[in-house]
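Worksheet: one structure, shown below.
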Amino acid sequence: MITTQFKTLSSYAAIGLSALILSGCANKAVVSYGDAQAVETTDINFGSTDLQKVASQMTDSLLSSPVVGTMTQNKRPVVFVERIKNKTSEHIDTESITDSISTQLLRSGKFRFVDMTRVESVREQLNFQNEDALVNPATAVAFGKQIGAQYMLYGNLSSIVKSNADKSDVYYKFTMRLMDMESGLVEWADETEIRKTKEKSTFGW
């Protein structure tokens with residue numbers, strides 16, 4: 001009798017253990033790599049595909065501009081890229097757009113850049129080199145030797161959102177300008193647009 005009860009309990013325990021194992025397997029997350037350039041359609045908000053699109057189009061437009069071609073014919077102008085202003089209602093990392101555009105322009109070999117986001121860090125390092133007794137004065141970088149930017153590249157990202165019970169529509173407009181910092185003249189400007197829609201499924205899924 002005791003042996004039979006023990007076998008029954010063992011069977012229940014085995015079944016329970018199997019269920020736990022199967023449950024664990026079913027809930028196990030699987031991580032895989034995807035194509036970073038693939039079109040993202042997770043939702044209607046500004047995403048990676050939109051970032052790549054605006055950065056690529058603005059870079060191509062700037063580099064193909066006849067004015068910029070003349071400007072960079074025999075020299076590499078120094079440019080200050082201001083962080084893109086986000087005028088949408090979304091939380092968008094516009095610094096990523098700025099970084100992507102700066103990187104693509106630098107790769108072209110036509111421009112050089114000053115990174116204003118690191119000015120305070122540079123100032124602290126120069127102060128240390130020129131004022132701390134531990135640093136050899138012969139190797140310290142002197143104040144006033146940095147090259148000033150000749151041009152400023154800046155832009156805005158704005159959006160218009162419309163929605164009703166069945167459909168949502170978002171329109172993005174991205175504009176950029178290149179300004180001569182000495183004269184204040186805008187030497188180049190362009191814009192690109194993105195429209196995204198989301199419709200409610202007929203089946204309610």
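For the structure tokens, the naming scheme is as follows: chains receive sequential letters (A, B, ...) according to their order of presentation, residues are indexed from 1 within each chain, and ligands are indexed from 1 in presentation order.
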Next item on the list: Just the residues within 9 Å of stretch 177-186 of chain A, please, counting only C-alpha atoms, with nothing from its chain fewer than 5 positions along; format it as a PyMOL selection string.
Entry: chain A and resi 62+79+149-155+191
Next item on the list: Using atom CA of A:Ile92 and atom CA of A:Gly47 as the two end points, give the distance in Å to one decimal.
Entry: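 Pair atom CA of A:Ile92 / atom CA of A:Gly47 returns 8.7 Å.
The smallest atom-to-atom distance between A:Phe111 and any of A:Asn45, A:Thr197, A:Ser163, A:Gln73, using only C-alpha atoms, is found for A:Gln73.
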Next item on the list: For atom CA of A:Val170 and atom CA of A:Ile97, determine how far apart the two atoms are, in Å to one decimal place.
Entry: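 Computing it gives 19.0 Å between the two atoms.
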